[in-house]
file model_25.txt (compact mmCIF, C-alpha atoms)
# COMPACT_ATOMS: atom_id res chain seq x y z
CA MET H 173 7.99 -24.67 -4.10
CA THR H 174 11.73 -24.48 -4.54
CA SER H 175 14.22 -27.11 -5.58
CA GLN H 176 15.03 -27.41 -1.89
CA ALA H 177 11.91 -29.50 -1.29
CA LEU H 178 11.37 -33.05 -2.54
CA GLU H 179 7.71 -32.95 -1.53
CA GLY H 180 6.55 -30.14 -3.78
CA ALA H 181 4.36 -29.19 -6.71
CA PRO H 182 5.37 -32.04 -9.06
CA GLU H 183 4.58 -34.67 -6.42
CA LEU H 184 1.21 -33.12 -5.64
CA ALA H 185 0.35 -32.66 -9.31
CA LEU H 186 1.00 -36.34 -10.01
CA ALA H 187 -0.96 -37.48 -6.95
CA TRP H 188 -3.95 -35.26 -7.72
CA HIS H 189 -3.98 -36.28 -11.37
CA ARG H 190 -3.86 -39.99 -10.52
CA ALA H 191 -6.60 -39.53 -7.93
CA GLY H 192 -8.87 -38.20 -10.68
CA ARG H 193 -9.00 -34.65 -9.32
CA GLY H 194 -7.17 -33.10 -12.25
CA ALA H 195 -4.04 -31.00 -11.86
CA ALA H 196 -2.24 -28.17 -13.61
CA LEU H 197 1.31 -27.03 -12.92
CA ALA H 198 2.06 -23.31 -13.00
CA THR H 199 5.73 -22.31 -13.33
CA VAL H 200 7.41 -18.89 -13.29
CA VAL H 201 9.41 -18.82 -16.54
CA GLN H 202 10.57 -15.19 -16.60
CA THR H 203 10.70 -12.12 -14.34
CA TRP H 204 11.53 -8.44 -14.73
CA GLY H 205 11.98 -5.95 -11.93
CA SER H 206 11.09 -6.98 -8.40
CA ALA H 207 9.57 -10.43 -7.89
CA PRO H 208 9.26 -12.32 -4.59
CA ARG H 209 9.64 -15.76 -6.24
CA ARG H 210 12.52 -16.74 -8.49
CA VAL H 211 12.25 -18.23 -11.96
CA GLY H 212 11.30 -21.89 -11.61
CA ALA H 213 8.96 -21.36 -8.65
CA GLN H 214 5.83 -23.49 -8.99
CA MET H 215 2.32 -23.95 -7.74
CA VAL H 216 -0.17 -26.69 -8.51
CA VAL H 217 -3.92 -26.24 -9.02
CA SER H 218 -6.42 -29.10 -8.72
CA GLY H 219 -9.55 -29.42 -10.81
CA ASP H 220 -11.65 -28.64 -7.74
CA GLY H 221 -9.81 -25.39 -7.04
CA GLN H 222 -7.24 -26.34 -4.41
CA ILE H 223 -3.83 -24.68 -4.76
CA GLU H 224 -0.45 -25.39 -3.19
CA GLY H 225 2.80 -23.53 -3.71
CA SER H 226 3.28 -20.00 -4.98
CA VAL H 227 4.34 -18.10 -8.09
CA SER H 228 4.18 -14.61 -6.60
CA GLY H 229 1.56 -13.58 -4.10
CA GLY H 230 -1.83 -11.92 -3.72
CA CYS H 231 -4.05 -11.65 -6.79
CA VAL H 232 -1.49 -13.18 -9.15
CA GLU H 233 -2.19 -16.59 -7.60
CA GLY H 234 -5.92 -16.01 -7.97
CA ALA H 235 -5.59 -15.12 -11.63
CA VAL H 236 -3.32 -18.09 -12.28
CA MET H 237 -5.82 -20.41 -10.62
CA VAL H 238 -8.62 -19.20 -12.91
CA GLU H 239 -6.45 -19.73 -15.99
CA ALA H 240 -5.36 -23.16 -14.72
CA LEU H 241 -8.96 -24.30 -14.31
CA GLU H 242 -9.71 -23.17 -17.86
CA ALA H 243 -6.60 -24.98 -19.10
CA LEU H 244 -7.83 -28.16 -17.45
CA GLU H 245 -11.14 -27.78 -19.27
CA ASP H 246 -9.77 -27.16 -22.76
CA GLY H 247 -6.55 -29.16 -22.42
CA THR H 248 -4.20 -26.46 -23.66
CA ALA H 249 -1.20 -24.72 -22.15
CA ARG H 250 -1.12 -21.05 -21.16
CA LEU H 251 1.70 -18.51 -21.05
CA LEU H 252 0.48 -15.71 -18.80
CA GLU H 253 2.07 -12.30 -18.33
CA PHE H 254 1.35 -10.11 -15.34
CA GLY H 255 2.57 -6.54 -15.34
CA VAL H 256 2.21 -4.70 -12.05
CA SER H 257 2.49 -0.96 -11.59
CA ASP H 258 4.33 0.47 -8.60
CA GLY H 259 1.03 1.69 -7.18
CA ASP H 260 -0.57 -1.76 -7.24
CA ALA H 261 2.55 -3.77 -6.60
CA PHE H 262 2.26 -4.21 -2.84
CA ALA H 263 -1.22 -5.74 -3.03
CA VAL H 264 -0.03 -8.27 -5.59
CA GLY H 265 3.20 -9.13 -3.84
CA LEU H 266 5.67 -7.42 -6.20
CA ALA H 267 7.00 -4.92 -3.72
CA CYS H 268 8.56 -2.52 -6.26
CA GLY H 269 6.50 -3.35 -9.33
CA GLY H 270 7.61 -5.69 -12.07
CA THR H 271 6.45 -8.27 -14.57
CA ILE H 272 6.32 -12.05 -14.47
CA LYS H 273 5.50 -14.73 -17.02
CA VAL H 274 3.85 -17.94 -15.82
CA MET H 275 3.47 -21.13 -17.84
CA VAL H 276 0.44 -23.29 -17.04
CA GLU H 277 0.43 -26.97 -18.07
CA PRO H 278 -2.53 -29.30 -17.49
CA VAL H 279 -1.27 -32.74 -16.49
CA GLY H 280 -2.20 -35.54 -18.86
CA ARG H 281 -3.09 -33.25 -21.76
CA VAL H 282 0.03 -31.08 -22.13
CA LEU H 283 2.39 -32.29 -19.42
CA CYS H 284 2.65 -36.04 -20.03
CA GLU H 285 1.86 -38.18 -16.99
CA ASP H 286 4.84 -40.44 -17.69
CA THR H 287 7.19 -37.45 -17.89
CA LEU H 288 5.85 -36.10 -14.62
CA ALA H 289 6.20 -39.54 -13.00
CA ASP H 290 9.82 -39.76 -14.18
CA LEU H 291 10.48 -36.28 -12.78
CA VAL H 292 9.05 -37.26 -9.40
CA ALA H 293 11.13 -40.45 -9.40
CA ALA H 294 14.33 -38.53 -10.20
CA ARG H 295 13.67 -36.10 -7.36
CA ALA H 296 13.07 -38.97 -4.94
CA GLU H 297 16.35 -40.58 -6.05
CA ARG H 298 18.26 -37.29 -5.58
CA ARG H 299 19.15 -37.12 -9.28
CA PRO H 300 19.55 -33.59 -10.71
CA VAL H 301 17.23 -33.23 -13.70
CA ALA H 302 16.08 -30.44 -16.00
CA TYR H 303 12.60 -30.15 -17.48
CA VAL H 304 13.03 -28.51 -20.90
CA CYS H 305 10.16 -27.12 -22.96
CA ASP H 306 8.83 -24.40 -25.22
CA PRO H 307 7.28 -21.99 -22.67
CA GLU H 308 4.41 -21.16 -25.03
CA GLN H 309 3.52 -24.78 -25.75
CA GLY H 310 4.58 -26.66 -22.59
CA GLY H 311 4.86 -30.43 -22.73
CA GLY H 312 8.61 -30.76 -22.26
CA VAL H 313 11.16 -33.51 -21.83
CA LEU H 314 13.58 -34.46 -19.05
CA VAL H 315 17.32 -33.88 -19.57
CA PHE H 316 19.95 -35.20 -17.15
CA ASP H 317 23.11 -33.89 -18.80
CA GLY H 318 24.26 -30.72 -20.52
CA PHE H 319 23.13 -28.14 -17.98
CA GLU H 320 25.99 -28.45 -15.49
CA ASP H 321 26.27 -24.68 -14.91
CA ARG H 322 22.53 -24.39 -14.28
CA PHE H 323 22.63 -27.34 -11.87
CA ARG H 324 25.59 -25.85 -10.00
CA MET H 325 23.96 -22.42 -9.76
CA ASP H 326 20.50 -23.92 -9.10
CA ARG H 327 19.19 -21.54 -11.75
CA SER H 328 16.17 -22.13 -13.97
CA GLY H 329 15.61 -19.86 -16.97
CA GLN H 330 15.33 -19.48 -20.72
CA ASP H 331 18.21 -20.46 -22.99
CA GLU H 332 19.29 -18.44 -26.01
CA ASP H 333 17.21 -20.70 -28.26
CA GLY H 334 14.07 -19.76 -26.33
CA ARG H 335 13.65 -23.08 -24.52
CA PHE H 336 12.74 -22.88 -20.85
CA VAL H 337 14.88 -25.00 -18.52
CA ALA H 338 13.40 -25.80 -15.11
CA VAL H 339 16.12 -27.12 -12.81
CA HIS H 340 15.12 -29.70 -10.22
CA ASN H 341 18.05 -30.22 -7.89
CA PRO H 342 18.07 -32.47 -4.83
CA PRO H 343 17.92 -30.59 -1.51
CA LEU H 344 21.29 -29.39 -0.23
CA ARG H 345 22.72 -31.38 2.70
CA VAL H 346 25.74 -31.03 4.93
CA VAL H 347 27.09 -33.95 6.94
CA ILE H 348 28.95 -32.82 10.06
CA VAL H 349 31.31 -35.33 11.65
CA GLY H 350 31.86 -34.29 15.24
CA ALA H 351 29.03 -32.90 17.37
CA VAL H 352 31.36 -30.39 19.02
CA HIS H 353 30.87 -26.78 20.12
CA ILE H 354 31.55 -25.42 16.61
CA ALA H 355 28.79 -27.68 15.31
CA GLN H 356 26.35 -26.11 17.77
CA ALA H 357 26.92 -22.75 16.06
CA PHE H 358 27.23 -24.18 12.55
CA VAL H 359 24.07 -26.30 12.39
CA PRO H 360 21.51 -23.47 12.75
CA MET H 361 23.48 -21.27 10.34
CA ALA H 362 23.57 -24.06 7.75
CA ARG H 363 19.84 -24.65 8.10
CA ILE H 364 19.10 -20.93 7.57
CA ALA H 365 21.25 -21.04 4.41
CA GLY H 366 19.13 -23.88 3.01
CA PHE H 367 21.17 -26.96 3.97
CA ASP H 368 19.70 -29.97 5.73
CA PRO H 369 22.28 -30.83 8.43
CA ILE H 370 23.08 -34.39 9.49
CA LEU H 371 25.28 -34.87 12.55
CA VAL H 372 27.51 -37.93 12.88
CA ASP H 373 29.25 -38.80 16.13
CA PRO H 374 29.57 -42.22 17.79
CA ARG H 375 30.26 -40.50 21.13
CA SER H 376 26.86 -40.29 22.79
CA ALA H 377 27.97 -37.55 25.17
CA PHE H 378 28.52 -35.25 22.17
CA GLY H 379 25.76 -36.22 19.76
CA SER H 380 22.83 -35.87 22.12
CA GLU H 381 19.32 -34.51 21.73
CA ALA H 382 19.99 -32.13 24.61
CA ARG H 383 22.88 -30.51 22.73
CA PHE H 384 21.17 -30.56 19.30
CA PRO H 385 17.41 -30.53 19.86
CA GLY H 386 15.36 -31.63 16.88
CA GLU H 387 18.36 -32.41 14.67
CA THR H 388 19.21 -35.63 12.83
CA ILE H 389 22.01 -37.35 14.78
CA LEU H 390 23.64 -40.62 13.75
CA ASP H 391 25.71 -42.43 16.38
CA ASP H 392 27.46 -44.69 13.83
CA TRP H 393 31.13 -44.60 12.89
CA PRO H 394 31.57 -41.96 10.19
CA ASP H 395 32.37 -44.31 7.28
CA ASP H 396 29.28 -46.42 8.00
CA ALA H 397 27.13 -43.31 8.38
CA LEU H 398 28.37 -41.74 5.15
CA ALA H 399 27.82 -44.97 3.23
CA ALA H 400 24.23 -45.08 4.48
CA ILE H 401 23.59 -41.39 3.73
CA GLY H 402 25.09 -41.42 0.24
CA MET H 403 27.54 -38.64 -0.61
CA ASP H 404 26.29 -37.04 -3.81
CA ALA H 405 26.96 -33.77 -5.62
CA ARG H 406 24.45 -31.85 -3.47
CA THR H 407 26.06 -32.96 -0.21
CA ALA H 408 28.88 -31.27 1.70
CA LEU H 409 31.08 -32.88 4.35
CA VAL H 410 32.52 -30.96 7.32
CA LEU H 411 34.91 -32.74 9.69
CA LEU H 412 35.18 -31.05 13.09
CA THR H 413 36.87 -33.63 15.33
CA HIS H 414 40.50 -33.41 14.06
CA ASP H 415 40.72 -36.98 15.44
CA PRO H 416 42.13 -39.39 12.82
CA LYS H 417 40.07 -42.28 14.23
CA LEU H 418 36.90 -40.42 13.22
CA ASP H 419 37.99 -38.14 10.38
CA ASP H 420 40.10 -40.53 8.29
CA PRO H 421 37.42 -43.19 7.67
CA ALA H 422 35.04 -40.44 6.54
CA LEU H 423 37.69 -38.97 4.25
CA HIS H 424 38.44 -42.34 2.67
CA LEU H 425 34.81 -42.67 1.63
CA ALA H 426 34.22 -39.01 0.72
CA LEU H 427 37.27 -38.71 -1.54
CA GLY H 428 35.79 -41.39 -3.78
CA SER H 429 32.39 -39.70 -3.93
CA ASP H 430 30.79 -36.78 -5.79
CA THR H 431 30.38 -34.61 -2.67
CA PHE H 432 30.87 -31.00 -3.73
CA TYR H 433 32.74 -29.85 -0.62
CA ILE H 434 35.04 -31.48 1.92
CA GLY H 435 36.30 -29.36 4.82
CA ALA H 436 38.44 -30.55 7.72
CA LEU H 437 39.16 -28.69 10.95
CA GLY H 438 42.73 -28.44 12.19
CA SER H 439 45.90 -26.40 12.01
CA LYS H 440 48.28 -26.42 9.05
CA ARG H 441 50.42 -28.92 10.92
CA THR H 442 47.38 -31.14 11.58
CA HIS H 443 46.43 -30.95 7.92
CA ALA H 444 49.97 -31.82 6.82
CA SER H 445 49.80 -34.97 8.94
CA ARG H 446 46.39 -35.74 7.45
CA VAL H 447 47.78 -35.40 3.93
CA ALA H 448 50.68 -37.73 4.75
CA ARG H 449 48.30 -40.40 6.06
CA LEU H 450 46.15 -40.17 2.95
CA GLN H 451 49.19 -40.43 0.71
CA ASP H 452 50.25 -43.55 2.58
CA ALA H 453 46.73 -44.92 2.05
CA GLY H 454 47.14 -44.51 -1.72
CA PHE H 455 45.12 -41.40 -2.44
CA THR H 456 46.35 -39.19 -5.28
CA ALA H 457 47.42 -35.56 -4.97
CA GLU H 458 44.36 -34.55 -7.00
CA GLN H 459 42.02 -36.37 -4.63
CA ILE H 460 43.68 -34.93 -1.53
CA ALA H 461 43.52 -31.41 -3.00
CA ARG H 462 39.72 -31.60 -2.74
CA ILE H 463 40.01 -31.20 1.03
CA HIS H 464 39.69 -27.65 2.35
CA GLY H 465 42.03 -27.67 5.30
CA PRO H 466 42.32 -25.77 7.48
CA VAL H 467 38.57 -25.51 6.97
CA GLY H 468 36.79 -22.25 6.14
CA LEU H 469 37.67 -18.93 4.55
CA ASP H 470 40.52 -17.03 6.18
CA ILE H 471 38.54 -14.27 7.89
CA GLY H 472 40.48 -14.27 11.15
CA ALA H 473 37.76 -16.24 12.95
CA ALA H 474 38.38 -16.30 16.69
CA ASN H 475 35.43 -18.16 18.25
CA PRO H 476 33.08 -21.04 17.36
CA ALA H 477 30.42 -18.81 15.77
CA GLU H 478 32.97 -17.01 13.59
CA ILE H 479 34.53 -20.33 12.57
CA ALA H 480 31.04 -21.53 11.62
CA VAL H 481 30.56 -18.41 9.46
CA SER H 482 33.88 -19.04 7.71
CA ILE H 483 32.99 -22.68 6.99
CA LEU H 484 29.52 -21.87 5.68
CA SER H 485 30.91 -19.07 3.50
CA GLU H 486 33.48 -21.38 1.94
CA MET H 487 30.84 -24.07 1.34
CA VAL H 488 28.63 -21.62 -0.53
CA GLN H 489 31.58 -20.24 -2.48
CA VAL H 490 32.52 -23.73 -3.68
CA LEU H 491 28.89 -24.59 -4.45
CA ARG H 492 28.28 -21.50 -6.56
CA GLN H 493 31.71 -20.81 -8.03
CA GLY H 494 33.40 -24.21 -8.08
CA ALA H 495 36.44 -25.40 -6.20

call {"tool": "encode", "arguments": {"input": "model_25.txt", "output": "structure tokens"}}
result
Amino acid sequence: MTSQALEGAPELALAWHRAGRGAALATVVQTWGSAPRRVGAQMVVSGDGQIEGSVSGGCVEGAVMVEALEALEDGTARLLEFGVSDGDAFAVGLACGGTIKVMVEPVGRVLCEDTLADLVAARAERRPVAYVCDPEQGGGVLVFDGFEDRFRMDRSGQDEDGRFVAVHNPPLRVVIVGAVHIAQAFVPMARIAGFDPILVDPRSAFGSEARFPGETILDDWPDDALAAIGMDARTALVLLTHDPKLDDPALHLALGSDTFYIGALGSKRTHASRVARLQDAGFTAEQIARIHGPVGLDIGAANPAEIAVSILSEMVQVLRQGA
């Protein structure tokens, strides 16, 4: 389970616990060397031996399951350490050897049911939240503020005081206004990079299933679509129409939101006209400066696929490094 998925280990752990099956959450709290799962990766173990998710691979999961079942019996947390030699690493899933620490928390005895329920609710509401605990004792609390750098980097880990901070971010999304040829290249790239794309275009000839098979396509006007979607701090907006009738209503809504990235296609002259219209509409220079226009990093892109690469690269840069 990663923070990219709302339906993950916490949701299953709560459901299994409430169904009377018992559940324990296992979380990677530290890694050294090569490890296929990052810190914060989770799996859940039921009292009848079912597992979902992953903390590494191979026999590590088996060993964690055994410890989780024992934790459910005695009601105590576990902090497990697995060191893997280079010779045995491949069978375990640590391709070059390494060490991982895994915290196991039985739900209801160590991990409070109410805390887990609040965590699940925050994830469903797309609210960034951190679960903070002593990795040796488990049984942490939820914190919504104070870990802005960790939220931005999507990075769980131990703080200097020894507390473990598990970051639960909403899934990344990108709303694309304009189902044009650049979008056809951009959408699959964005999905590979971990973004859930949402296409918005009231022109049915553009936003069709035939052009974007299997994708979410909204045929509303952009301002109505964005209001329905909700533009939060884990959502990017990319405007590809360079048509003021479509782009400007979206910009008016996005500039008052927490969206982490706003990019708008068009030449420098087109962007200058866009800025003038926004100034006339009463937007401040600081608000307008949030718009990346012309959109994308300046890599000399010369075709739709290269433009898509430049846009995606700039989105990630802003996400990880700030504007």

call {"tool": "atom_distance", "arguments": {"input": "model_25.txt", "atom1": "CA of Gly219 (chain H)", "atom2": "CA of Leu244 (chain H)"}}
result
7.0 Å

call {"tool": "closest_residue", "arguments": {"input": "model_25.txt", "among": "H:Met403, H:Val467, H:Gly334, H:Ala461", "to": "Ser439 (chain H)", "atoms": "all atoms listed in the file"}}
result
H:Val467

call {"tool": "atom_distance", "arguments": {"input": "model_25.txt", "atom1": "CA of Gln214 (chain H)", "atom2": "CA of Leu197 (chain H)"}}
result
7.0 Å

call {"tool": "atom_distance", "arguments": {"input": "model_25.txt", "atom1": "CA of Arg446 (chain H)", "atom2": "CA of Ile348 (chain H)"}}
result
17.9 Å

call {"tool": "closest_residue", "arguments": {"input": "model_25.txt", "among": "H:Gly435, H:Gly428, H:Pro343, H:Gly270", "to": "Ile483 (chain H)", "atoms": "all atoms listed in the file"}}
result
H:Gly435

call {"tool": "closest_residue", "arguments": {"input": "model_25.txt", "among": "H:Val276, H:Ala444, H:Val292, H:Val304", "to": "Ala187 (chain H)", "atoms": "all atoms listed in the file"}}
result
H:Val292

call {"tool": "residues_around", "arguments": {"input": "model_25.txt", "residues": "region 319-332 of chain H", "least_positions_apart": "2", "cutoff": "8 Å", "atoms": "only C-alpha atoms", "output": "ChimeraX atom specification"}}
result
/H:175,201-202,211-212,300,302,316-317,334-341,491-492

call {"tool": "closest_residue", "arguments": {"input": "model_25.txt", "among": "H:Glu233, H:Glu285, H:Asp452, H:Asp470", "to": "Gly194 (chain H)", "atoms": "only C-alpha atoms"}}
result
H:Glu285

call {"tool": "closest_residue", "arguments": {"input": "model_25.txt", "among": "H:Gly350, H:Pro182, H:Gly318, H:Gly379", "to": "Glu277 (chain H)", "atoms": "all atoms listed in the file"}}
result
H:Pro182

call {"tool": "residues_around", "arguments": {"input": "model_25.txt", "residues": "Met487 (chain H)", "least_positions_apart": "3", "cutoff": "12 Å", "atoms": "only C-alpha atoms", "output": "MDAnalysis selection string"}}
result
chainID H and resid 344:347 358 361:362 365:367 406:410 431:436 463:464 467:469 480:484 490:495

call {"tool": "closest_residue", "arguments": {"input": "model_25.txt", "among": "H:Asp306, H:Leu437, H:Asp419, H:Val227", "to": "Pro476 (chain H)", "atoms": "only C-alpha atoms"}}
result
H:Leu437

call {"tool": "axis_aligned_box", "arguments": {"input": "model_25.txt", "around": "region 376-385 of chain H", "padding_each_side": "8 Å", "output": "JSON"}}
result
{"center_x": 23.0, "center_y": -35.4, "center_z": 22.2, "size_x": 27.1, "size_y": 25.8, "size_z": 21.9}

call {"tool": "residues_around", "arguments": {"input": "model_25.txt", "residues": "Leu427 (chain H)", "least_positions_apart": "5", "cutoff": "9 Å", "atoms": "only C-alpha atoms", "output": "VMD selection string"}}
result
chain H and resid 422 434 455 459 to 460 462 to 463

call {"tool": "residues_around", "arguments": {"input": "model_25.txt", "residues": "Thr203 (chain H)", "least_positions_apart": "2", "cutoff": "8 Å", "atoms": "all atoms listed in the file", "output": "list in words"}}
result
Val200, Val201, Gly205, Ser206, Ala207, Arg210, Val211, Gly270, Thr271, Ile272 and Lys273 of chain H

call {"tool": "residues_around", "arguments": {"input": "model_25.txt", "residues": "Gly225 (chain H)", "least_positions_apart": "5", "cutoff": "7 Å", "atoms": "all atoms listed in the file", "output": "VMD selection string"}}
result
chain H and resid 173 181 214 to 216

call {"tool": "decode", "arguments": {"input": "model_25.txt", "residues": "region 303-320 of chain H", "atoms": "N, CA, C and O atoms", "output": "compact mmCIF listing (two decimals), in the first residue's frame"}}
result
# COMPACT_ATOMS: atom_id res chain seq x y z
N TYR H 303 0.36 9.97 10.98
CA TYR H 303 0.20 9.11 12.15
C TYR H 303 1.55 9.08 12.85
O TYR H 303 2.55 8.65 12.27
N VAL H 304 1.59 9.56 14.09
CA VAL H 304 2.85 9.77 14.81
C VAL H 304 2.88 8.87 16.03
O VAL H 304 1.94 8.86 16.85
N CYS H 305 3.98 8.09 16.18
CA CYS H 305 4.05 7.16 17.29
C CYS H 305 5.49 6.84 17.66
O CYS H 305 6.43 7.15 16.93
N ASP H 306 5.65 6.20 18.81
CA ASP H 306 6.91 5.58 19.19
C ASP H 306 6.97 4.24 18.46
O ASP H 306 6.10 3.38 18.68
N PRO H 307 7.97 4.02 17.58
CA PRO H 307 7.96 2.79 16.78
C PRO H 307 8.11 1.50 17.61
O PRO H 307 7.76 0.43 17.14
N GLU H 308 8.61 1.63 18.83
CA GLU H 308 8.73 0.43 19.67
C GLU H 308 7.45 0.12 20.43
O GLU H 308 7.22 -1.02 20.80
N GLN H 309 6.62 1.15 20.64
CA GLN H 309 5.41 0.96 21.42
C GLN H 309 4.14 0.96 20.56
O GLN H 309 3.14 0.33 20.92
N GLY H 310 4.18 1.67 19.41
CA GLY H 310 2.98 1.80 18.59
C GLY H 310 1.94 2.65 19.29
O GLY H 310 2.23 3.36 20.26
N GLY H 311 0.71 2.58 18.81
CA GLY H 311 -0.38 3.31 19.47
C GLY H 311 -0.22 4.80 19.37
O GLY H 311 -0.13 5.50 20.40
N GLY H 312 -0.18 5.33 18.15
CA GLY H 312 0.10 6.75 17.94
C GLY H 312 -1.13 7.63 17.89
O GLY H 312 -2.25 7.22 18.20
N VAL H 313 -0.88 8.87 17.48
CA VAL H 313 -1.93 9.88 17.36
C VAL H 313 -1.89 10.46 15.95
O VAL H 313 -0.89 10.34 15.23
N LEU H 314 -2.98 11.12 15.55
CA LEU H 314 -3.05 11.77 14.25
C LEU H 314 -2.68 13.24 14.38
O LEU H 314 -3.13 13.92 15.31
N VAL H 315 -1.87 13.73 13.44
CA VAL H 315 -1.44 15.12 13.43
C VAL H 315 -1.69 15.68 12.04
O VAL H 315 -1.27 15.09 11.04
N PHE H 316 -2.38 16.83 11.96
CA PHE H 316 -2.74 17.40 10.67
C PHE H 316 -1.84 18.56 10.27
O PHE H 316 -1.83 18.95 9.10
N ASP H 317 -1.10 19.11 11.20
CA ASP H 317 -0.24 20.26 10.92
C ASP H 317 1.16 20.02 11.48
O ASP H 317 1.34 19.23 12.41
N GLY H 318 2.13 20.74 10.91
CA GLY H 318 3.48 20.69 11.44
C GLY H 318 4.44 19.81 10.67
O GLY H 318 5.63 19.78 10.98
N PHE H 319 3.93 19.10 9.68
CA PHE H 319 4.80 18.23 8.88
C PHE H 319 4.69 18.60 7.40
O PHE H 319 4.64 17.74 6.52
N GLU H 320 4.69 19.92 7.12
CA GLU H 320 4.46 20.37 5.75
C GLU H 320 5.49 19.83 4.77
O GLU H 320 5.17 19.44 3.64
